file run.cif (mmCIF, C-alpha atoms)
data_upload
loop_
_atom_site.label_atom_id
_atom_site.label_comp_id
_atom_site.auth_asym_id
_atom_site.auth_seq_id
_atom_site.Cartn_x
_atom_site.Cartn_y
_atom_site.Cartn_z
CA MET W 1 0.00 0.00 0.00
CA PRO W 2 1.47 3.38 -0.96
CA SER W 3 1.83 5.84 1.89
CA ALA W 4 -0.24 9.01 2.14
CA GLN W 5 2.86 11.08 1.32
CA SER W 6 3.54 8.98 -1.79
CA ARG W 7 -0.05 9.39 -2.99
CA ARG W 8 0.19 13.12 -2.36
CA ARG W 9 3.37 13.43 -4.41
CA VAL W 10 1.81 11.52 -7.31
CA LEU W 11 -1.28 13.75 -7.25
CA VAL W 12 0.85 16.91 -7.16
CA LEU W 13 2.86 15.75 -10.17
CA ALA W 14 -0.35 14.78 -11.99
CA ASP W 15 -1.78 18.23 -11.28
CA GLN W 16 1.34 19.91 -12.60
CA ALA W 17 1.13 17.73 -15.73
CA ALA W 18 -2.52 18.74 -16.27
CA SER W 19 -1.64 22.42 -15.84
CA SER W 20 1.19 22.20 -18.37
CA LEU W 21 -0.86 20.08 -20.78
CA SER W 22 -3.56 22.74 -20.84
CA ASN W 23 -1.07 25.32 -22.12
CA VAL W 24 0.01 23.04 -24.96
CA LEU W 25 -3.53 22.03 -25.98
CA VAL W 26 -4.82 25.60 -25.96
CA ALA W 27 -1.87 26.84 -28.04
CA VAL W 28 -2.43 24.10 -30.62
CA LEU W 29 -6.17 24.77 -30.86
CA VAL W 30 -5.71 28.53 -31.30
CA ALA W 31 -2.95 28.06 -33.88
CA ARG W 32 -5.16 25.66 -35.88
CA SER W 33 -7.97 28.22 -35.85
CA PHE W 34 -5.81 30.58 -37.95
CA PRO W 35 -4.03 28.26 -40.41
CA ASP W 36 -3.25 31.03 -42.91
CA GLU W 37 -2.33 33.83 -40.50
CA THR W 38 0.43 34.28 -37.94
CA GLU W 39 -0.54 37.61 -36.35
CA PRO W 40 -3.61 36.37 -34.38
CA PHE W 41 -1.67 33.53 -32.78
CA ALA W 42 1.20 35.90 -32.02
CA ALA W 43 -1.27 38.26 -30.29
CA PHE W 44 -2.71 35.35 -28.30
CA SER W 45 0.83 34.29 -27.34
CA LEU W 46 1.54 37.82 -26.13
CA ALA W 47 -1.51 37.68 -23.85
CA VAL W 48 -0.39 34.30 -22.51
CA MET W 49 3.12 35.63 -21.88
CA VAL W 50 1.71 38.59 -19.91
CA PHE W 51 -0.44 36.14 -17.94
CA GLN W 52 2.54 33.89 -17.20
CA PHE W 53 4.61 36.79 -15.92
CA THR W 54 1.68 38.05 -13.84
CA VAL W 55 0.86 34.69 -12.31
CA GLY W 56 4.54 34.09 -11.54
CA SER W 57 4.74 37.43 -9.77
CA VAL W 58 1.56 36.81 -7.78
CA ARG W 59 2.77 33.35 -6.83
CA GLY W 60 5.92 34.90 -5.42
CA LEU W 61 4.08 37.71 -3.66
CA ILE W 62 1.16 35.72 -2.22
CA PHE W 63 1.04 32.00 -3.01
CA GLU W 64 4.54 30.76 -2.21
CA PRO W 65 4.70 32.35 1.26
CA GLU W 66 1.42 30.57 2.02
CA LEU W 67 2.82 27.28 0.69
CA LEU W 68 6.02 27.71 2.70
CA LEU W 69 4.33 28.59 5.98
CA HIS W 70 1.42 26.17 5.81
CA GLY W 71 3.18 23.87 8.28
CA GLU W 72 3.46 26.74 10.77
CA ARG W 73 -0.32 27.07 11.10
CA SER W 74 -2.99 24.98 12.73
CA ARG W 75 -5.86 23.77 10.57
CA HIS W 76 -8.17 26.32 12.20
CA GLU W 77 -5.77 29.20 11.60
CA ALA W 78 -5.27 28.20 7.94
CA ARG W 79 -9.04 28.19 7.35
CA ARG W 80 -9.44 31.54 9.15
CA ILE W 81 -6.82 33.21 6.95
CA LEU W 82 -8.17 31.74 3.70
CA PRO W 83 -10.76 34.49 2.91
CA SER W 84 -8.13 37.23 3.24
CA TYR W 85 -5.68 35.20 1.16
CA LEU W 86 -8.21 34.80 -1.67
CA SER W 87 -9.39 38.41 -1.50
CA ALA W 88 -5.77 39.64 -1.58
CA THR W 89 -5.29 37.63 -4.77
CA GLY W 90 -8.44 39.14 -6.27
CA LEU W 91 -7.39 42.66 -5.29
CA VAL W 92 -3.97 42.30 -6.93
CA GLY W 93 -5.62 40.69 -9.96
CA VAL W 94 -8.00 43.64 -10.42
CA ALA W 95 -5.13 46.13 -10.06
CA VAL W 96 -3.07 44.31 -12.69
CA SER W 97 -6.11 44.00 -14.97
CA VAL W 98 -6.61 47.77 -14.90
CA ALA W 99 -2.96 48.23 -15.89
CA VAL W 100 -3.26 45.64 -18.67
CA ALA W 101 -6.45 47.28 -19.98
CA GLY W 102 -4.71 50.65 -20.07
CA THR W 103 -1.78 49.13 -21.91
CA SER W 104 -4.13 47.54 -24.46
CA VAL W 105 -5.44 50.97 -25.43
CA VAL W 106 -1.91 52.21 -26.06
CA VAL W 107 -0.83 49.10 -27.98
CA GLY W 108 -3.94 48.82 -30.15
CA GLY W 109 -4.41 46.35 -33.00
CA LEU W 110 -4.66 42.59 -32.49
CA ALA W 111 -2.22 42.67 -29.58
CA GLY W 112 -4.28 45.35 -27.85
CA ALA W 113 -7.48 43.36 -28.37
CA ALA W 114 -5.88 40.26 -26.86
CA LEU W 115 -4.62 42.22 -23.85
CA LEU W 116 -8.02 43.84 -23.31
CA ALA W 117 -9.66 40.41 -23.29
CA LEU W 118 -7.01 39.18 -20.86
CA SER W 119 -7.82 42.02 -18.46
CA LEU W 120 -11.43 40.73 -18.26
CA VAL W 121 -10.51 37.20 -17.17
CA LEU W 122 -7.22 37.68 -15.35
CA PRO W 123 -8.59 38.10 -11.78
CA PHE W 124 -10.59 34.87 -12.06
CA ILE W 125 -7.60 32.92 -13.38
CA LEU W 126 -5.47 34.18 -10.50
CA VAL W 127 -8.10 33.17 -7.94
CA GLN W 128 -8.23 29.69 -9.48
CA ASP W 129 -4.44 29.45 -9.16
CA ALA W 130 -4.66 30.69 -5.56
CA TRP W 131 -7.03 27.83 -4.76
CA ARG W 132 -4.64 25.44 -6.47
CA TYR W 133 -1.84 26.38 -4.07
CA VAL W 134 -4.19 25.93 -1.10
CA PHE W 135 -5.26 22.48 -2.26
CA ILE W 136 -1.68 21.41 -3.05
CA THR W 137 -0.79 21.50 0.64
CA VAL W 138 -3.67 19.41 1.99
CA HIS W 139 -5.96 18.15 -0.82
CA PRO W 140 -3.90 17.69 -4.02
CA GLY W 141 -6.73 15.68 -5.55
CA LYS W 142 -8.88 18.83 -5.47
CA ALA W 143 -6.07 20.79 -7.14
CA LEU W 144 -6.04 18.22 -9.92
CA THR W 145 -9.84 18.47 -10.20
CA ILE W 146 -9.94 22.23 -10.76
CA ASP W 147 -7.08 22.07 -13.27
CA LEU W 148 -8.90 19.37 -15.23
CA VAL W 149 -12.01 21.57 -15.16
CA TRP W 150 -9.91 24.40 -16.61
CA VAL W 151 -8.45 22.19 -19.35
CA ALA W 152 -11.80 20.73 -20.38
CA THR W 153 -13.67 24.04 -20.28
CA SER W 154 -11.00 26.05 -22.12
CA CYS W 155 -10.54 23.50 -24.89
CA THR W 156 -14.30 23.10 -25.36
CA ALA W 157 -14.88 26.86 -25.42
CA ILE W 158 -12.10 27.44 -27.95
CA VAL W 159 -13.43 24.68 -30.22
CA LEU W 160 -16.89 26.29 -30.12
CA VAL W 161 -15.54 29.71 -31.15
CA PRO W 162 -16.08 30.07 -34.93
CA ASN W 163 -12.87 30.06 -36.93
CA ALA W 164 -11.29 33.44 -37.71
CA THR W 165 -13.34 35.17 -34.98
CA ALA W 166 -11.65 38.16 -33.32
CA ILE W 167 -8.68 36.96 -31.26
CA GLY W 168 -10.09 38.48 -28.08
CA TRP W 169 -12.83 35.85 -28.02
CA TYR W 170 -10.18 33.11 -27.93
CA VAL W 171 -8.56 34.74 -24.93
CA VAL W 172 -11.95 34.98 -23.20
CA ALA W 173 -12.69 31.34 -24.07
CA TRP W 174 -9.37 30.31 -22.56
CA GLY W 175 -10.05 32.39 -19.45
CA ALA W 176 -13.52 30.86 -19.10
CA GLY W 177 -11.85 27.68 -17.89
CA GLY W 178 -10.15 29.63 -15.12
CA LEU W 179 -13.46 31.24 -14.14
CA LEU W 180 -15.26 27.89 -13.88
CA GLY W 181 -12.26 26.40 -12.07
CA ALA W 182 -12.40 29.22 -9.51
CA ILE W 183 -16.13 28.62 -8.99
CA VAL W 184 -15.68 24.87 -8.55
CA ALA W 185 -12.76 25.46 -6.17
CA THR W 186 -14.83 27.82 -4.02
CA VAL W 187 -17.58 25.19 -3.78
CA ILE W 188 -15.36 22.22 -2.93
CA GLY W 189 -13.04 24.36 -0.79
CA GLU W 190 -15.87 25.08 1.64
CA VAL W 191 -14.45 28.47 2.58
CA GLU W 192 -16.01 30.15 5.59
CA TRP W 193 -16.26 33.83 4.70
CA GLY W 194 -15.54 35.81 7.83
CA ARG W 195 -13.45 38.94 8.02
CA VAL W 196 -11.93 39.79 4.65
CA ARG W 197 -8.79 41.91 5.02
CA PRO W 198 -6.82 41.75 1.74
CA VAL W 199 -4.61 44.77 2.44
CA ARG W 200 -3.87 43.57 5.97
CA TYR W 201 -2.95 40.18 4.56
CA LEU W 202 -0.53 41.66 2.01
CA VAL W 203 1.12 43.84 4.65
CA ALA W 204 1.47 40.95 7.09
CA HIS W 205 3.02 38.76 4.38
CA ARG W 206 5.26 41.36 2.79
CA SER W 207 8.50 40.02 4.33
CA LEU W 208 8.69 36.78 2.37
CA GLY W 209 6.35 37.91 -0.40
CA VAL W 210 8.62 40.73 -1.55
CA ARG W 211 11.63 38.41 -1.40
CA PHE W 212 9.96 35.70 -3.46
CA LEU W 213 8.69 38.27 -5.94
CA GLY W 214 12.25 39.57 -6.24
CA GLU W 215 13.50 36.02 -6.81
CA PHE W 216 11.00 35.48 -9.62
CA ALA W 217 11.70 38.81 -11.30
CA THR W 218 15.45 38.25 -11.07
CA ALA W 219 15.20 34.72 -12.48
CA GLN W 220 13.03 35.94 -15.37
CA THR W 221 15.54 38.68 -16.12
CA GLY W 222 18.33 36.14 -16.41
CA TYR W 223 16.31 33.64 -18.44
CA PHE W 224 14.73 36.03 -20.93
CA GLY W 225 17.85 38.17 -21.07
CA ALA W 226 19.88 35.17 -22.20
CA LEU W 227 17.30 34.16 -24.82
CA LEU W 228 16.96 37.67 -26.19
CA SER W 229 20.74 37.95 -26.44
CA CYS W 230 20.74 34.77 -28.51
CA GLY W 231 18.32 36.27 -31.04
CA TRP W 232 20.13 39.62 -31.04
CA ILE W 233 23.63 38.20 -31.50
CA LEU W 234 23.01 35.07 -33.57
CA GLY W 235 19.75 35.78 -35.39
CA LEU W 236 16.27 34.30 -35.48
CA ASN W 237 17.31 30.86 -36.70
CA ALA W 238 19.52 30.31 -33.66
CA TYR W 239 16.82 31.70 -31.40
CA GLY W 240 14.28 29.32 -32.95
CA ALA W 241 16.59 26.36 -32.39
CA VAL W 242 17.01 27.18 -28.71
CA ARG W 243 13.29 27.82 -28.23
CA GLY W 244 12.54 24.55 -30.01
CA GLY W 245 14.93 22.71 -27.72
CA PHE W 246 13.34 24.26 -24.64
CA LEU W 247 9.91 23.33 -25.99
CA TYR W 248 11.01 19.71 -26.18
CA ILE W 249 12.37 19.68 -22.62
CA GLY W 250 9.32 21.55 -21.36
CA PRO W 251 7.92 18.40 -19.66
CA LEU W 252 11.11 18.25 -17.59
CA GLN W 253 10.58 21.81 -16.40
CA MET W 254 7.03 20.81 -15.49
CA LEU W 255 8.37 17.81 -13.56
CA ALA W 256 10.86 20.00 -11.67
CA ALA W 257 8.10 22.46 -10.72
CA GLY W 258 5.89 19.59 -9.56
CA VAL W 259 8.67 18.10 -7.44
CA LEU W 260 9.25 21.49 -5.81
CA MET W 261 5.56 21.88 -4.97
CA ALA W 262 5.34 18.31 -3.68
CA THR W 263 8.40 18.39 -1.43
CA LEU W 264 8.50 21.97 -0.11
CA PRO W 265 5.69 21.59 2.48
CA GLU W 266 7.22 18.30 3.67
CA ALA W 267 10.68 19.82 3.91
CA ARG W 268 9.35 22.81 5.81
CA LYS W 269 7.63 20.56 8.36
CA ALA W 270 10.81 18.46 8.69
CA ARG W 271 13.23 21.37 9.20
CA ASP W 272 14.01 20.13 12.74
CA ASP W 273 15.17 16.87 11.13
CA PRO W 274 17.99 18.03 8.80
CA ASP W 275 18.74 14.53 7.54
CA ARG W 276 15.16 14.11 6.32
CA VAL W 277 15.32 17.47 4.53
CA LEU W 278 18.53 16.35 2.83
CA ARG W 279 16.89 13.08 1.73
CA LEU W 280 13.93 14.98 0.28
CA VAL W 281 16.22 17.35 -1.61
CA ARG W 282 18.41 14.57 -2.97
CA GLY W 283 15.45 12.39 -3.89
CA GLY W 284 13.66 15.12 -5.82
CA ASN W 285 16.86 16.10 -7.62
CA ALA W 286 17.67 12.50 -8.52
CA LEU W 287 14.20 12.01 -10.02
CA VAL W 288 14.46 15.06 -12.29
CA CYS W 289 18.06 14.31 -13.32
CA LEU W 290 17.22 10.72 -14.24
CA ALA W 291 14.18 11.86 -16.21
CA THR W 292 16.37 14.42 -18.02
CA VAL W 293 18.89 11.79 -19.12
CA VAL W 294 16.09 9.55 -20.40
CA TRP W 295 14.16 12.33 -22.14
CA VAL W 296 17.21 13.79 -23.90
CA SER W 297 18.30 10.30 -24.97
CA VAL W 298 14.86 9.74 -26.50
CA GLY W 299 15.14 13.03 -28.34
CA LEU W 300 18.49 12.09 -29.85
CA VAL W 301 17.09 8.91 -31.43
CA LEU W 302 13.62 10.25 -32.26
CA PRO W 303 12.73 9.90 -35.97
CA GLU W 304 12.89 13.17 -37.83
CA SER W 305 9.22 12.96 -38.86
CA VAL W 306 8.11 12.64 -35.25
CA GLY W 307 10.28 15.55 -34.12
CA GLU W 308 8.94 17.79 -36.88
CA ALA W 309 5.39 16.84 -35.92
CA LEU W 310 6.17 18.00 -32.39
CA ILE W 311 7.87 21.36 -32.98
CA GLY W 312 7.93 21.86 -36.72
CA ALA W 313 10.80 22.63 -39.07
CA THR W 314 13.15 23.76 -36.29
CA TRP W 315 13.45 20.18 -34.98
CA ASN W 316 16.75 19.40 -36.75
CA GLU W 317 18.43 22.50 -35.33
CA ALA W 318 16.87 21.92 -31.91
CA ARG W 319 18.12 18.33 -31.75
CA GLU W 320 21.68 19.55 -32.27
CA VAL W 321 21.55 21.45 -28.96
CA LEU W 322 19.64 18.89 -26.87
CA VAL W 323 22.70 17.60 -24.99
CA PRO W 324 23.89 21.00 -23.64
CA LEU W 325 20.25 21.92 -22.96
CA GLY W 326 19.90 18.67 -21.04
CA ILE W 327 22.94 19.63 -18.97
CA THR W 328 21.32 23.03 -18.45
CA MET W 329 18.18 21.27 -17.24
CA ILE W 330 20.19 19.21 -14.76
CA GLY W 331 21.64 22.47 -13.42
CA MET W 332 18.11 23.88 -13.12
CA SER W 333 17.08 20.74 -11.25
CA ILE W 334 19.90 21.16 -8.74
CA VAL W 335 18.87 24.79 -8.25
CA SER W 336 15.23 23.78 -7.68
CA ALA W 337 16.23 21.04 -5.23
CA ALA W 338 18.51 23.39 -3.29
CA LEU W 339 15.72 25.98 -3.33
CA VAL W 340 13.50 23.52 -1.44
CA GLY W 341 16.19 23.11 1.22
CA VAL W 342 16.92 26.82 1.47
CA ARG W 343 13.26 27.71 1.92
CA ALA W 344 12.77 24.89 4.40
CA PHE W 345 15.41 26.32 6.73
CA ASP W 346 15.31 30.05 6.01
CA GLY W 347 12.93 31.61 3.49
CA THR W 348 14.89 34.88 3.57
CA GLN W 349 18.03 33.54 1.86
CA GLY W 350 16.69 32.90 -1.64
CA LEU W 351 16.87 36.40 -3.09
CA ARG W 352 20.49 36.88 -2.01
CA THR W 353 21.47 33.57 -3.56
CA ARG W 354 19.55 34.35 -6.74
CA LEU W 355 21.34 37.69 -7.11
CA GLN W 356 24.68 35.94 -6.70
CA SER W 357 23.94 33.34 -9.38
CA ILE W 358 22.11 35.40 -12.04
CA PRO W 359 25.22 37.18 -13.42
CA PHE W 360 26.79 33.84 -14.37
CA GLN W 361 23.51 32.54 -15.86
CA LEU W 362 23.25 35.68 -17.98
CA LEU W 363 26.84 36.45 -18.94
CA CYS W 364 28.07 32.92 -19.70
CA PRO W 365 25.59 32.39 -22.59
CA ILE W 366 26.30 35.85 -24.01
CA ALA W 367 30.06 35.23 -23.92
CA GLY W 368 29.53 31.80 -25.45
CA ALA W 369 27.48 33.27 -28.29
CA TYR W 370 30.22 35.76 -29.16
CA LEU W 371 32.97 33.15 -28.93
CA GLY W 372 31.32 30.05 -30.38
CA GLY W 373 28.04 30.86 -32.08
CA LEU W 374 25.01 28.69 -31.30
CA ASP W 375 27.08 25.87 -29.81
CA GLY W 376 28.91 28.36 -27.62
CA PHE W 377 25.64 29.88 -26.49
CA VAL W 378 24.07 26.62 -25.29
CA ILE W 379 27.35 25.51 -23.70
CA GLY W 380 27.46 28.88 -21.95
CA MET W 381 23.91 28.30 -20.69
CA ALA W 382 24.96 24.93 -19.28
CA LEU W 383 28.05 26.45 -17.66
CA GLY W 384 26.05 29.33 -16.16
CA GLN W 385 23.50 26.92 -14.69
CA ALA W 386 26.31 24.75 -13.29
CA VAL W 387 27.85 27.74 -11.51
CA GLY W 388 24.42 28.81 -10.27
CA ALA W 389 23.73 25.30 -9.01
CA GLY W 390 26.99 25.38 -7.07
CA ILE W 391 26.06 28.70 -5.45
CA TRP W 392 22.59 27.45 -4.47
CA TRP W 393 23.95 24.18 -3.14
CA THR W 394 26.56 26.03 -1.09
CA THR W 395 23.82 28.12 0.54
CA PHE W 396 21.76 25.00 1.25
CA ARG W 397 24.74 23.13 2.77
CA ARG W 398 25.52 26.10 4.99
CA LEU W 399 21.95 26.20 6.30
CA LEU W 400 21.96 22.42 6.67
CA ALA W 401 25.13 22.54 8.77
CA GLY W 402 23.57 25.23 10.96
CA ALA W 403 20.47 23.05 11.42
CA HIS W 404 22.66 20.11 12.45
CA ARG W 405 24.47 22.25 15.03
CA SER W 406 21.17 23.54 16.38
CA THR W 407 19.80 20.00 16.63
CA ALA W 408 22.93 18.81 18.42
CA ARG W 409 22.65 21.64 20.97
CA HIS W 410 19.00 20.81 21.48
CA LEU W 411 19.74 17.13 22.11
CA ALA W 412 22.54 18.06 24.51
CA GLY W 413 20.20 20.32 26.55
CA ASP W 414 17.06 19.52 28.49
CA GLY W 415 15.08 18.55 25.39
CA ARG W 416 12.43 21.19 25.89
CA GLU W 417 13.70 24.21 23.99
CA PRO W 418 12.73 24.15 20.32
CA ARG W 419 15.04 25.40 17.63
CA PRO W 420 13.93 28.98 16.87
CA ALA W 421 12.81 29.90 13.38
CA PRO W 422 14.83 32.54 11.50
CA PRO W 423 13.94 36.06 12.72
CA ASP W 424 12.10 37.22 9.59
CA VAL W 425 10.07 34.03 9.40
CA ALA W 426 9.23 34.22 13.10
CA ALA W 427 8.00 37.79 12.70
CA PHE W 428 6.00 36.70 9.69
CA VAL W 429 4.25 33.96 11.67
CA LEU W 430 3.53 36.26 14.59
CA ALA W 431 2.03 38.83 12.24
CA ASP W 432 -0.47 36.21 11.09
CA ASP W 433 -1.78 35.89 14.65
CA ALA W 434 -3.45 39.29 14.29
CA PRO W 435 -7.22 39.17 13.71
CA TYR W 436 -8.33 39.44 10.10
#

call {"tool": "encode", "arguments": {"input": "run.cif", "output": "structure tokens"}}
result
Amino acid sequence: MPSAQSRRRVLVLADQAASSLSNVLVAVLVARSFPDETEPFAAFSLAVMVFQFTVGSVRGLIFEPELLLHGERSRHEARRILPSYLSATGLVGVAVSVAVAGTSVVVGGLAGAALLALSLVLPFILVQDAWRYVFITVHPGKALTIDLVWVATSCTAIVLVPNATAIGWYVVAWGAGGLLGAIVATVIGEVEWGRVRPVRYLVAHRSLGVRFLGEFATAQTGYFGALLSCGWILGLNAYGAVRGGFLYIGPLQMLAAGVLMATLPEARKARDDPDRVLRLVRGGNALVCLATVVWVSVGLVLPESVGEALIGATWNEAREVLVPLGITMIGMSIVSAALVGVRAFDGTQGLRTRLQSIPFQLLCPIAGAYLGGLDGFVIGMALGQAVGAGIWWTTFRRLLAGAHRSTARHLAGDGREPRPAPPDVAAFVLADDAPY
């Protein structure tokens, strides 16, 4: 019989797979709706990119602190805070939607129409994602349910939109899945609406929220900065090859994100048992690294016709860079695994570590592109991720050693004094004791 923790991990990974699959299916359906035009799909992709950046920022600001500190709270306290957590998400979503709507007027054209449509559905999609993070910690089966609702509703709505209809309707159809998912989540989540204090919630959670938001923004700067430099220095063909390679290894990035979400709450609860945290970190990293080796190996022997069916004419160029991109993915996996350990012991250390590693992850690919073309670029990406992984692992090992020393002192004492949480995290938890 599988343990409850094992079942939870499987459900979390399944939910992450459903979430990633929805992005692929929706993109394919929209692209097929405009077989003779490229601009509408490009406008839809722009809206999706804005959504992805927004949801990543909101996850850092609101969702990830809640995921990290779930183990600090009793069940009653978690339920009491839930209305303010959801309303804070809605408030931020409305504020961003107003900004996106204003931008759509300035941009105009198809891109402006897509952004305007996004502004109408964005708050609902964010609330659905907020529920997903709540369910991940205690009811991952419910998280999977609402993501499947989103996939089914979005795909059905897009299929029902007549071909060549204005692109904004496709964005609304996609967002309709998020709206229905948010409604279903609210029903099955059984939230007890008491005091709703969104601003109070954001203020109380600003310590870790601002740090995690900074981590996300910094990571995006390094990632997109490297990719843009590839297109700028080497041209669109090289950029297409790299993007095609990343599209192929996309399932591995999904797996790494799922492992992080599955293991972080466990690691946080086990922070007084450093050896268990280390086992969780190593186990998650080993899983992603093994999957990377297998997936890249499959790509190297995949028939050309199958590869072209997956990502089109760029497959041949993309396959040439799969090995260094696989090494890059292994470096990303080590970073994600170390991130779990760092946040388990001290949620305040991530931004500092990210700032230390980003210069290497940005400059190594650029230097490689100047020195060795496309091959140099992808080798530089792998080297930058390797250096970044070393920096993250060093931070994790330092915190792990400190946890071991603290545990040893505790065992040598009277056995009644708990190991204190880091100061910022302790203040964060105490702030949540205030009435909402």

call {"tool": "residues_around", "arguments": {"input": "run.cif", "residues": "range 136-150 of chain W", "least_positions_apart": "4", "cutoff": "7 Å", "atoms": "all atoms listed in the file", "output": "number ranges by chain"}}
result
W: 8, 11-12, 14-15, 18-19, 67, 132, 154, 177-178, 180-181, 184-185, 265

call {"tool": "atom_distance", "arguments": {"input": "run.cif", "atom1": "CA of Leu278 in chain W", "atom2": "CA of Leu400 in chain W"}}
result
8.0 Å

call {"tool": "closest_residue", "arguments": {"input": "run.cif", "among": "W:Ile330, W:Ala27, W:Leu234, W:Val210", "to": "Tyr370 in chain W", "atoms": "all atoms listed in the file"}}
result
W:Leu234

call {"tool": "residues_near_point", "arguments": {"input": "run.cif", "point": "(-10.7, 35.7, -10.1)", "cutoff": "10 Å", "atoms": "all atoms listed in the file", "output": "list of chain:residue names"}}
result
W:Leu86, W:Ser87, W:Thr89, W:Gly90, W:Leu91, W:Val92, W:Gly93, W:Val94, W:Leu120, W:Val121, W:Leu122, W:Pro123, W:Phe124, W:Ile125, W:Leu126, W:Val127, W:Gln128, W:Asp129, W:Ala130, W:Gly175, W:Gly178, W:Leu179, W:Leu180, W:Gly181, W:Ala182, W:Ile183

call {"tool": "resolve_selection", "arguments": {"input": "run.cif", "expression": "the PyMOL selection byres ((chain W and resi 46) around 12)", "output": "ChimeraX atom specification"}}
result
/W:27,39-45,47-53,100,104,107,110-118,167-168,171

call {"tool": "write_last_selection", "arguments": {"input": "run.cif", "atoms": "C-alpha atoms", "output": "mmCIF file, in the coordinates of the input"}}
result
data_model
loop_
_atom_site.group_PDB
_atom_site.id
_atom_site.type_symbol
_atom_site.label_atom_id
_atom_site.label_comp_id
_atom_site.auth_asym_id
_atom_site.auth_seq_id
_atom_site.Cartn_x
_atom_site.Cartn_y
_atom_site.Cartn_z
ATOM 1 C CA ALA W 27 -1.870 26.840 -28.040
ATOM 2 C CA GLU W 39 -0.540 37.610 -36.350
ATOM 3 C CA PRO W 40 -3.610 36.370 -34.380
ATOM 4 C CA PHE W 41 -1.670 33.530 -32.780
ATOM 5 C CA ALA W 42 1.200 35.900 -32.020
ATOM 6 C CA ALA W 43 -1.270 38.260 -30.290
ATOM 7 C CA PHE W 44 -2.710 35.350 -28.300
ATOM 8 C CA SER W 45 0.830 34.290 -27.340
ATOM 9 C CA ALA W 47 -1.510 37.680 -23.850
ATOM 10 C CA VAL W 48 -0.390 34.300 -22.510
ATOM 11 C CA MET W 49 3.120 35.630 -21.880
ATOM 12 C CA VAL W 50 1.710 38.590 -19.910
ATOM 13 C CA PHE W 51 -0.440 36.140 -17.940
ATOM 14 C CA GLN W 52 2.540 33.890 -17.200
ATOM 15 C CA PHE W 53 4.610 36.790 -15.920
ATOM 16 C CA VAL W 100 -3.260 45.640 -18.670
ATOM 17 C CA SER W 104 -4.130 47.540 -24.460
ATOM 18 C CA VAL W 107 -0.830 49.100 -27.980
ATOM 19 C CA LEU W 110 -4.660 42.590 -32.490
ATOM 20 C CA ALA W 111 -2.220 42.670 -29.580
ATOM 21 C CA GLY W 112 -4.280 45.350 -27.850
ATOM 22 C CA ALA W 113 -7.480 43.360 -28.370
ATOM 23 C CA ALA W 114 -5.880 40.260 -26.860
ATOM 24 C CA LEU W 115 -4.620 42.220 -23.850
ATOM 25 C CA LEU W 116 -8.020 43.840 -23.310
ATOM 26 C CA ALA W 117 -9.660 40.410 -23.290
ATOM 27 C CA LEU W 118 -7.010 39.180 -20.860
ATOM 28 C CA ILE W 167 -8.680 36.960 -31.260
ATOM 29 C CA GLY W 168 -10.090 38.480 -28.080
ATOM 30 C CA VAL W 171 -8.560 34.740 -24.930
#

call {"tool": "atom_distance", "arguments": {"input": "run.cif", "atom1": "CA of Ile366 in chain W", "atom2": "CA of Val378 in chain W"}}
result
9.6 Å

call {"tool": "atom_distance", "arguments": {"input": "run.cif", "atom1": "CA of Ser22 in chain W", "atom2": "CA of Cys155 in chain W"}}
result
8.1 Å

call {"tool": "residues_around", "arguments": {"input": "run.cif", "residues": "Val159 in chain W", "least_positions_apart": "6", "cutoff": "12 Å", "atoms": "only C-alpha atoms", "output": "list in words"}}
result
Leu25, Val26, Ala27, Val28, Leu29, Val30, Ala31, Arg32, Ser33, Ala152, Thr153, Thr165, Trp169, Tyr170, Ala173 and Trp174 of chain W

call {"tool": "write_last_selection", "arguments": {"input": "run.cif", "atoms": "C-alpha atoms", "output": "PDB file, in the coordinates of the input"}}
result
ATOM      1  CA  LEU W  25      -3.530  22.030 -25.980  1.00  0.00           C
ATOM      2  CA  VAL W  26      -4.820  25.600 -25.960  1.00  0.00           C
ATOM      3  CA  ALA W  27      -1.870  26.840 -28.040  1.00  0.00           C
ATOM      4  CA  VAL W  28      -2.430  24.100 -30.620  1.00  0.00           C
ATOM      5  CA  LEU W  29      -6.170  24.770 -30.860  1.00  0.00           C
ATOM      6  CA  VAL W  30      -5.710  28.530 -31.300  1.00  0.00           C
ATOM      7  CA  ALA W  31      -2.950  28.060 -33.880  1.00  0.00           C
ATOM      8  CA  ARG W  32      -5.160  25.660 -35.880  1.00  0.00           C
ATOM      9  CA  SER W  33      -7.970  28.220 -35.850  1.00  0.00           C
ATOM     10  CA  ALA W 152     -11.800  20.730 -20.380  1.00  0.00           C
ATOM     11  CA  THR W 153     -13.670  24.040 -20.280  1.00  0.00           C
ATOM     12  CA  THR W 165     -13.340  35.170 -34.980  1.00  0.00           C
ATOM     13  CA  TRP W 169     -12.830  35.850 -28.020  1.00  0.00           C
ATOM     14  CA  TYR W 170     -10.180  33.110 -27.930  1.00  0.00           C
ATOM     15  CA  ALA W 173     -12.690  31.340 -24.070  1.00  0.00           C
ATOM     16  CA  TRP W 174      -9.370  30.310 -22.560  1.00  0.00           C
TER      17      TRP W 174
END

call {"tool": "closest_residue", "arguments": {"input": "run.cif", "among": "W:Val187, W:Val323, W:Arg195, W:Leu61", "to": "Arg80 in chain W", "atoms": "all atoms listed in the file"}}
result
W:Arg195

call {"tool": "resolve_selection", "arguments": {"input": "run.cif", "expression": "the PyMOL selection byres ((chain W and resi 299) around 10)", "output": "MDAnalysis selection string"}}
result
chainID W and resid 245 248:249 294:298 300:304 306:307 315 318:319 322:323

call {"tool": "residues_near_point", "arguments": {"input": "run.cif", "point": "(6.3, 23.6, -3.9)", "cutoff": "9 Å", "atoms": "all atoms listed in the file", "output": "list in words"}}
result
Glu64, Leu67, Leu68, Tyr133, Ile136, Thr137, Ala257, Gly258, Val259, Leu260, Met261, Ala262, Thr263, Leu264, Pro265 and Val340 of chain W
